[in-house]
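*Asks:* My structure is stored as structure-v7.pdb, with PDB, C-alpha atoms.
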ATOM      1  CA  MET A   1      20.109 -96.196 -16.565
ATOM      2  CA  THR A   2      19.406 -99.744 -17.551
ATOM      3  CA  ILE A   3      15.805-100.884 -17.248
ATOM      4  CA  SER A   4      14.107-104.019 -18.507
ATOM      5  CA  ILE A   5      10.623-105.494 -18.437
ATOM      6  CA  LEU A   6       9.495-109.087 -19.045
ATOM      7  CA  ALA A   7       5.824-110.015 -19.408
ATOM      8  CA  PHE A   8       3.411-112.808 -20.334
ATOM      9  CA  ASP A   9      -0.098-112.436 -21.748
ATOM     10  CA  GLU A  10      -2.141-115.516 -20.809
ATOM     11  CA  LYS A  11      -4.941-114.781 -23.265
ATOM     12  CA  SER A  12      -2.727-114.750 -26.355
ATOM     13  CA  GLY A  13       0.081-116.954 -25.029
ATOM     14  CA  THR A  14       2.581-114.236 -25.919
ATOM     15  CA  TYR A  15       5.816-113.497 -24.049
ATOM     16  CA  GLY A  16       7.613-110.189 -24.401
ATOM     17  CA  GLY A  17      10.642-108.321 -23.140
ATOM     18  CA  ALA A  18      12.058-104.849 -23.666
ATOM     19  CA  ALA A  19      15.106-102.986 -22.399
ATOM     20  CA  THR A  20      16.996 -99.720 -22.774
ATOM     21  CA  THR A  21      20.306 -98.453 -21.427
ATOM     22  CA  GLY A  22      22.894 -95.710 -21.601
ATOM     23  CA  SER A  23      25.429 -98.120 -23.098
ATOM     24  CA  LEU A  24      25.661-100.040 -26.379
ATOM     25  CA  CYS A  25      23.925-103.199 -27.570
ATOM     26  CA  VAL A  26      21.360-103.729 -24.806
ATOM     27  CA  GLY A  27      19.545-106.360 -26.873
ATOM     28  CA  GLY A  28      22.611-108.562 -27.111
ATOM     29  CA  TRP A  29      23.569-108.193 -23.466
ATOM     30  CA  VAL A  30      20.227-108.270 -21.697
ATOM     31  CA  LEU A  31      17.318-110.023 -23.423
ATOM     32  CA  ARG A  32      16.989-113.749 -24.140
ATOM     33  CA  GLY A  33      14.167-116.242 -24.422
ATOM     34  CA  ASP A  34      11.630-118.266 -26.348
ATOM     35  CA  ALA A  35       8.097-119.558 -25.878
ATOM     36  CA  GLU A  36       9.297-122.913 -24.504
ATOM     37  CA  SER A  37      11.752-121.547 -21.927
ATOM     38  CA  GLY A  38      10.382-118.139 -20.930
ATOM     39  CA  LEU A  39      12.440-114.953 -20.889
ATOM     40  CA  SER A  40      15.457-113.563 -19.055
ATOM     41  CA  ALA A  41      17.059-110.161 -18.584
ATOM     42  CA  SER A  42      20.660-110.232 -17.338
ATOM     43  CA  GLN A  43      22.140-106.818 -16.594
ATOM     44  CA  GLY A  44      24.145-104.829 -14.040
ATOM     45  CA  SER A  45      27.535-103.156 -13.944
ATOM     46  CA  LEU A  46      29.225-106.437 -14.991
ATOM     47  CA  PRO A  47      26.404-108.442 -16.632
ATOM     48  CA  SER A  48      26.676-112.180 -17.231
ATOM     49  CA  THR A  49      25.342-113.506 -20.525
ATOM     50  CA  MET A  50      25.710-116.973 -18.979
ATOM     51  CA  TRP A  51      23.172-116.037 -16.302
ATOM     52  CA  GLY A  52      20.603-115.218 -18.957
ATOM     53  CA  GLN A  53      21.066-118.520 -20.777
ATOM     54  CA  ASP A  54      21.425-120.681 -17.663
ATOM     55  CA  VAL A  55      18.164-119.464 -16.164
ATOM     56  CA  LEU A  56      16.366-120.232 -19.441
ATOM     57  CA  THR A  57      17.771-123.763 -19.457
ATOM     58  CA  ARG A  58      16.513-124.340 -15.927
ATOM     59  CA  MET A  59      13.048-122.958 -16.655
ATOM     60  CA  ARG A  60      12.754-125.056 -19.811
ATOM     61  CA  ALA A  61      13.485-128.093 -17.641
ATOM     62  CA  GLY A  62      10.601-127.177 -15.336
ATOM     63  CA  GLU A  63      12.031-124.912 -12.629
ATOM     64  CA  THR A  64      10.053-121.825 -11.695
ATOM     65  CA  ALA A  65      11.584-118.438 -12.436
ATOM     66  CA  GLU A  66      12.146-117.872  -8.717
ATOM     67  CA  ALA A  67      13.989-121.171  -8.261
ATOM     68  CA  ALA A  68      15.989-120.794 -11.467
ATOM     69  CA  VAL A  69      17.182-117.312 -10.485
ATOM     70  CA  ARG A  70      18.152-118.520  -7.018
ATOM     71  CA  HIS A  71      20.200-121.463  -8.335
ATOM     72  CA  VAL A  72      21.995-119.425 -11.014
ATOM     73  CA  VAL A  73      22.839-116.598  -8.608
ATOM     74  CA  GLU A  74      24.048-118.820  -5.775
ATOM     75  CA  ALA A  75      26.612-120.487  -8.047
ATOM     76  CA  ASP A  76      28.335-117.222  -9.054
ATOM     77  CA  ALA A  77      30.896-115.594  -6.747
ATOM     78  CA  GLY A  78      30.566-112.380  -8.788
ATOM     79  CA  ARG A  79      26.823-112.045  -8.159
ATOM     80  CA  ASP A  80      27.103-108.754  -6.233
ATOM     81  CA  GLU A  81      27.943-106.955  -9.507
ATOM     82  CA  ARG A  82      24.947-108.289 -11.420
ATOM     83  CA  GLN A  83      21.166-108.125 -11.740
ATOM     84  CA  LEU A  84      18.862-110.777 -13.161
ATOM     85  CA  ALA A  85      15.141-111.027 -13.908
ATOM     86  CA  ALA A  86      13.285-114.054 -15.262
ATOM     87  CA  LEU A  87       9.817-114.977 -16.457
ATOM     88  CA  ASP A  88       8.955-118.682 -16.679
ATOM     89  CA  PRO A  89       6.588-120.277 -19.245
ATOM     90  CA  ALA A  90       3.717-120.148 -16.737
ATOM     91  CA  GLY A  91       4.189-116.412 -16.165
ATOM     92  CA  GLY A  92       5.959-116.740 -12.823
ATOM     93  CA  THR A  93       8.669-114.203 -12.059
ATOM     94  CA  GLY A  94      11.966-114.103 -10.211
ATOM     95  CA  ALA A  95      14.642-111.451  -9.765
ATOM     96  CA  PHE A  96      17.935-110.686  -8.054
ATOM     97  CA  THR A  97      19.781-107.412  -7.526
ATOM     98  CA  GLY A  98      23.421-107.648  -6.457
ATOM     99  CA  ALA A  99      24.618-105.764  -3.397
ATOM    100  CA  ASN A 100      27.007-103.633  -5.463
ATOM    101  CA  SER A 101      24.409-102.598  -8.045
ATOM    102  CA  ILE A 102      24.660 -98.891  -8.810
ATOM    103  CA  GLN A 103      21.854 -97.024  -7.099
ATOM    104  CA  THR A 104      19.064 -96.553  -7.575
ATOM    105  CA  ALA A 105      18.521-100.251  -8.322
ATOM    106  CA  GLY A 106      15.602-102.581  -7.726
ATOM    107  CA  VAL A 107      12.732-104.643  -9.111
ATOM    108  CA  ARG A 108       8.955-104.560  -9.357
ATOM    109  CA  HIS A 109       6.626-107.553  -9.714
ATOM    110  CA  ALA A 110       3.007-107.838 -10.855
ATOM    111  CA  ALA A 111       1.013-110.796 -12.144
ATOM    112  CA  ASN A 112       2.988-112.165 -15.119
ATOM    113  CA  VAL A 113       5.308-109.116 -15.193
ATOM    114  CA  VAL A 114       8.715-108.221 -13.737
ATOM    115  CA  VAL A 115      10.641-104.948 -14.092
ATOM    116  CA  ALA A 116      14.318-104.606 -13.145
ATOM    117  CA  GLY A 117      16.633-101.606 -13.243
ATOM    118  CA  ASN A 118      19.871-100.110 -11.995
ATOM    119  CA  LEU A 119      21.571 -96.727 -12.196
ATOM    120  CA  LEU A 120      18.092 -95.203 -12.143
ATOM    121  CA  ALA A 121      17.216 -91.595 -11.399
ATOM    122  CA  SER A 122      14.802 -92.792  -8.693
ATOM    123  CA  GLU A 123      12.465 -95.613  -7.647
ATOM    124  CA  GLU A 124       9.819 -93.814  -9.711
ATOM    125  CA  VAL A 125      11.419 -95.143 -12.890
ATOM    126  CA  LEU A 126      10.574 -98.722 -11.883
ATOM    127  CA  ASP A 127       7.001 -97.791 -11.014
ATOM    128  CA  ALA A 128       6.510 -95.845 -14.237
ATOM    129  CA  CYS A 129       7.796 -98.738 -16.346
ATOM    130  CA  LEU A 130       5.417-101.195 -14.699
ATOM    131  CA  ASP A 131       2.476 -98.796 -14.840
ATOM    132  CA  GLY A 132       3.210 -97.971 -18.467
ATOM    133  CA  PHE A 133       2.763-101.630 -19.312
ATOM    134  CA  LEU A 134      -0.209-102.432 -17.088
ATOM    135  CA  THR A 135      -2.334 -99.420 -18.053
ATOM    136  CA  PHE A 136      -1.739 -99.414 -21.811
ATOM    137  CA  ASP A 137      -4.402-101.052 -23.985
ATOM    138  CA  GLY A 138      -2.750-102.747 -26.927
ATOM    139  CA  THR A 139      -0.698-105.678 -28.148
ATOM    140  CA  MET A 140       2.252-107.014 -26.155
ATOM    141  CA  ASP A 141       4.823-105.176 -28.266
ATOM    142  CA  LEU A 142       3.044-101.816 -28.031
ATOM    143  CA  ARG A 143       2.595-102.197 -24.273
ATOM    144  CA  LEU A 144       6.312-102.886 -23.864
ATOM    145  CA  LEU A 145       7.297 -99.885 -25.973
ATOM    146  CA  ASN A 146       5.014 -97.718 -23.861
ATOM    147  CA  ALA A 147       6.598 -99.078 -20.684
ATOM    148  CA  LEU A 148      10.080 -97.997 -21.813
ATOM    149  CA  LYS A 149       8.776 -94.609 -22.903
ATOM    150  CA  ARG A 150       7.141 -94.013 -19.529
ATOM    151  CA  ALA A 151      10.270 -95.098 -17.658
ATOM    152  CA  ALA A 152      12.479 -92.737 -19.643
ATOM    153  CA  ALA A 153      10.049 -89.849 -19.144
ATOM    154  CA  VAL A 154      10.429 -89.837 -15.349
ATOM    155  CA  GLY A 155      14.184 -90.237 -15.126
ATOM    156  CA  GLY A 156      17.315 -90.226 -17.113
ATOM    157  CA  ASP A 157      20.904 -91.270 -17.344
ATOM    158  CA  SER A 158      23.782 -88.798 -17.315
ATOM    159  CA  ARG A 159      25.206 -90.823 -20.201
ATOM    160  CA  GLY A 160      21.965 -90.532 -22.172
ATOM    161  CA  LEU A 161      20.155 -93.566 -23.571
ATOM    162  CA  LEU A 162      22.101 -95.198 -26.399
ATOM    163  CA  SER A 163      20.420 -98.533 -27.147
ATOM    164  CA  ALA A 164      17.062-100.276 -26.861
ATOM    165  CA  ALA A 165      15.584-103.661 -27.731
ATOM    166  CA  LEU A 166      12.296-105.520 -28.027
ATOM    167  CA  LEU A 167      11.709-109.291 -28.041
ATOM    168  CA  VAL A 168       8.266-110.892 -28.496
ATOM    169  CA  VAL A 169       7.801-114.668 -28.803
ATOM    170  CA  SER A 170       4.865-117.061 -29.010
ATOM    171  CA  ALA A 171       4.138-120.592 -30.153
ATOM    172  CA  ASN A 172       1.790-119.144 -32.748
ATOM    173  CA  ARG A 173       3.992-116.501 -34.377
ATOM    174  CA  PRO A 174       7.596-116.138 -35.548
ATOM    175  CA  PRO A 175       9.767-114.249 -33.055
ATOM    176  CA  LEU A 176       9.942-110.469 -33.242
ATOM    177  CA  SER A 177      13.453-109.440 -32.223
ATOM    178  CA  LEU A 178      14.332-105.782 -32.767
ATOM    179  CA  ARG A 179      17.537-104.057 -31.661
ATOM    180  CA  ILE A 180      18.836-100.522 -31.781
ATOM    181  CA  ASP A 181      22.487-100.994 -30.840
ATOM    182  CA  HIS A 182      23.501 -97.327 -30.982
ATOM    183  CA  SER A 183      21.412 -94.193 -31.389
ATOM    184  CA  GLU A 184      21.154 -90.755 -29.853
ATOM    185  CA  ASP A 185      17.401 -91.442 -29.507
ATOM    186  CA  PRO A 186      17.061 -95.236 -29.285
ATOM    187  CA  LEU A 187      13.438 -95.339 -28.111
ATOM    188  CA  THR A 188      12.257 -93.336 -31.112
ATOM    189  CA  ALA A 189      14.421 -95.453 -33.397
ATOM    190  CA  LEU A 190      13.006 -98.637 -31.885
ATOM    191  CA  ALA A 191       9.434 -97.416 -32.344
ATOM    192  CA  LEU A 192      10.131 -96.581 -36.000
ATOM    193  CA  LEU A 193      11.753 -99.970 -36.598
ATOM    194  CA  HIS A 194       8.768-101.640 -34.946
ATOM    195  CA  ASP A 195       6.414 -99.801 -37.305
ATOM    196  CA  ARG A 196       8.370-101.064 -40.310
ATOM    197  CA  ALA A 197       8.541-104.639 -38.980
ATOM    198  CA  THR A 198       4.819-104.899 -38.268
ATOM    199  CA  SER A 199       3.372-103.361 -41.426
ATOM    200  CA  GLY A 200       3.568-103.701 -45.187
ATOM    201  CA  LEU A 201       5.152-106.512 -47.186
ATOM    202  CA  TYR A 202       7.589-107.477 -44.448
ATOM    203  CA  ALA A 203       4.773-108.174 -41.982
ATOM    204  CA  ASP A 204       2.824-110.043 -44.679
ATOM    205  CA  TRP A 205       5.857-112.226 -45.386
ATOM    206  CA  VAL A 206       6.373-113.016 -41.681
ATOM    207  CA  ASN A 207       2.845-114.418 -41.520
ATOM    208  CA  HIS A 208       3.903-117.160 -43.958
ATOM    209  CA  LEU A 209       6.821-118.426 -41.843
ATOM    210  CA  PRO A 210       6.939-121.553 -39.641
ATOM    211  CA  THR A 211       6.120-121.317 -35.937
ATOM    212  CA  LEU A 212       6.533-123.588 -32.927
ATOM    213  CA  ALA A 213       2.886-124.588 -33.272
ATOM    214  CA  ASP A 214       3.284-125.165 -37.029
ATOM    215  CA  PRO A 215       6.979-125.928 -37.655
ATOM    216  CA  GLU A 216       6.443-127.164 -41.236
ATOM    217  CA  ARG A 217       4.469-124.124 -42.335
ATOM    218  CA  ALA A 218       5.477-122.994 -45.821
ATOM    219  CA  ILE A 219       2.693-120.921 -47.311
ATOM    220  CA  PRO A 220       3.810-119.560 -50.689
ATOM    221  CA  PHE A 221       4.282-115.818 -50.600
ATOM    222  CA  THR A 222       3.879-113.453 -53.535
ATOM    223  CA  ALA A 223       4.805-109.809 -53.037
TER     224      ALA A 223
END
Transcribe the structure of this file into structure tokens.

*Replies:*
Amino acid sequence: MTISILAFDEKSGTYGGAATTGSLCVGGWVLRGDAESGLSASQGSLPSTMWGQDVLTRMRAGETAEAAVRHVVEADAGRDERQLAALDPAGGTGAFTGANSIQTAGVRHAANVVVAGNLLASEEVLDACLDGFLTFDGTMDLRLLNALKRAAAVGGDSRGLLSAALLVVSANRPPLSLRIDHSEDPLTALALLHDRATSGLYADWVNHLPTLADPERAIPFTA
């Protein structure tokens, strides 16, 4: 399967996306975004990396996620082979699933959240992913990891999951971009990488880096 989730937390101003698939390098193919443009997830049997970037460009210019998805999709004659989800800077969502998407394929929307998937074991995978995010009490990154875990628990892929990725961005923090490009257990590997990236000296060092809200930040760091 390939499943992705994009979300926005209004209270913290944090945007986050996560994805996993039975193929390689899901982070490079699927997830894109920043706190000024929003997020995108471009996937499908023949995914377009241009879709992911083009929808971000449109949202950064002020289009809603729904409008940006519609304009990007309409311009592509190969759209039936692709799937796209988008989250704009205001938390609005948009999604498209091409007619030739491998079943089961579909999307789920909630306030400030969109889930998209194809080659799923059942519709339950979409519901579990969304519920895993909405019902988990924690930070954006932990909620996203739980969403992927819940999705995988109710369905599978005959190929097995091979890659997973997490992207969290905000004006007030440096981006967190983690990728497991190939693993026999990518969700466990991603969780372990997340633990390392959010604790210890590495996490302390990240807190000294510039952000969109403070682009000239340069707090001296001593290990």

*Asks:* Could the residues of range 11-69 of chain A that have an atom at most 10 Å from range 171-188 of chain A be listed as a Markdown table, each with its closest atom pair and the distance in Å to one decimal, counting all atoms listed in the file and ordered by chain and ascending residue number?

*Replies:*
| residue | atom | partner | partner_atom | distance |
| --- | --- | --- | --- | --- |
| A:Ser12 | CA | A:Asn172 | CA | 9.0 |
| A:Gly13 | CA | A:Ala171 | CA | 7.5 |
| A:Thr14 | CA | A:Ala171 | CA | 7.8 |
| A:Tyr15 | CA | A:Ala171 | CA | 9.5 |
| A:Gly16 | CA | A:Leu176 | CA | 9.1 |
| A:Gly17 | CA | A:Ser177 | CA | 9.6 |
| A:Ala18 | CA | A:Leu178 | CA | 9.4 |
| A:Ala19 | CA | A:Arg179 | CA | 9.6 |
| A:Thr20 | CA | A:Leu187 | CA | 7.8 |
| A:Thr21 | CA | A:Pro186 | CA | 9.1 |
| A:Gly22 | CA | A:His182 | CA | 9.5 |
| A:Ser23 | CA | A:His182 | CA | 8.2 |
| A:Leu24 | CA | A:Asp181 | CA | 5.6 |
| A:Cys25 | CA | A:Asp181 | CA | 4.2 |
| A:Val26 | CA | A:Asp181 | CA | 6.7 |
| A:Gly27 | CA | A:Arg179 | CA | 5.7 |
| A:Gly28 | CA | A:Arg179 | CA | 8.2 |
| A:Leu31 | CA | A:Ser177 | CA | 9.6 |
| A:Arg32 | CA | A:Ser177 | CA | 9.8 |
| A:Gly33 | CA | A:Pro175 | CA | 9.9 |
| A:Asp34 | CA | A:Pro175 | CA | 8.0 |
| A:Ala35 | CA | A:Ala171 | CA | 5.9 |
| A:Glu36 | CA | A:Ala171 | CA | 8.0 |

*Asks:* Take every atom of range 120-137 of chain A listed in the file, pad by 5 Å on each side, and give me the axis-aligned box centre and edge lengths in Å, one decimal, as JSON.

*Replies:*
{"center_x": 6.8, "center_y": -97.0, "center_z": -15.8, "size_x": 32.5, "size_y": 20.8, "size_z": 26.3}

*Asks:* Which one of A:Val114, A:Ala165, A:Met140, A:Ala153 sits closest to Ala189 in chain A if you count all atoms listed in the file?

*Replies:*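 Of all the options, A:Ala165 lies closest to Ala189 in chain A.
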
*Asks:* May I ask for the distance between CA of Ala116 in chain A and CA of Leu192 in chain A, given in Å to one decimal place?

*Replies:* 24.6 Å

*Asks:* Which of these residues is nearest to Leu120 in chain A, using only C-alpha atoms: A:Leu161, A:Leu134, A:Ala99, A:Leu167?

*Replies:*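 Ranked by minimum distance to Leu120 in chain A, first place goes to A:Leu161.
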
*Asks:* Near His71 in chain A, counting only C-alpha atoms, which residues have an atom at most 9 Å away, once you skip same-chain residues fewer than 4 positions from it, shown as number ranges by chain?

*Replies:* A: 55, 58, 66-67, 75

*Asks:* Any chance you could export the current selection's C-alpha atoms as a JSON list (two decimals), in the coordinates of the input?

*Replies:*
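Final file, result_8.json:
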[["chain", "number", "residue", "atom", "x", "y", "z"],
["A", 55, "VAL", "CA", 18.16, -119.46, -16.16],
["A", 58, "ARG", "CA", 16.51, -124.34, -15.93],
["A", 66, "GLU", "CA", 12.15, -117.87, -8.72],
["A", 67, "ALA", "CA", 13.99, -121.17, -8.26],
["A", 75, "ALA", "CA", 26.61, -120.49, -8.05]]

*Asks:* Report as a list in words all protein, DNA and RNA residues lying within 10 Å of Val125 in chain A, evaluated on only C-alpha atoms, omitting residues in the same chain fewer than 3 positions from it.

*Replies:* Met1, Ile3, Thr104, Ala105, Gly106, Val115, Ala116, Gly117, Asn118, Leu120, Ala121, Ser122, Ala128, Cys129, Leu130, Asp131, Ala147, Leu148, Arg150, Ala151, Ala152, Ala153, Val154, Gly155 and Gly156 of chain A

*Asks:* Kindly give the distance, in Å, that separates CA of Gln83 in chain A and CA of Ser45 in chain A, rounded to a single decimal.

*Replies:*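 We find that CA of Gln83 in chain A and CA of Ser45 in chain A lie 8.4 Å from each other.
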
*Asks:* What's the separation between CA of Asp141 in chain A and CA of Thr198 in chain A, in Å to one decimal place?

*Replies:*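 Separation between CA of Asp141 in chain A and CA of Thr198 in chain A: 10.0 Å.
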
*Asks:* Let me make sure I understand: among A:Phe221, A:Phe8, A:Phe96, A:Phe136, which one has the smallest atom-to-atom distance to Ala41 in chain A if we use all atoms listed in the file?

*Replies:*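 So, comparing all the options, the nearest one is A:Phe96.
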
*Asks:* Determine the residue membership of the PyMOL selection byres ((chain A and resi 85) around 6) for the file above and supply it as a list in words.

*Replies:* Ser40, Ala41, Leu84, Ala86, Gly94 and Ala95 of chain A
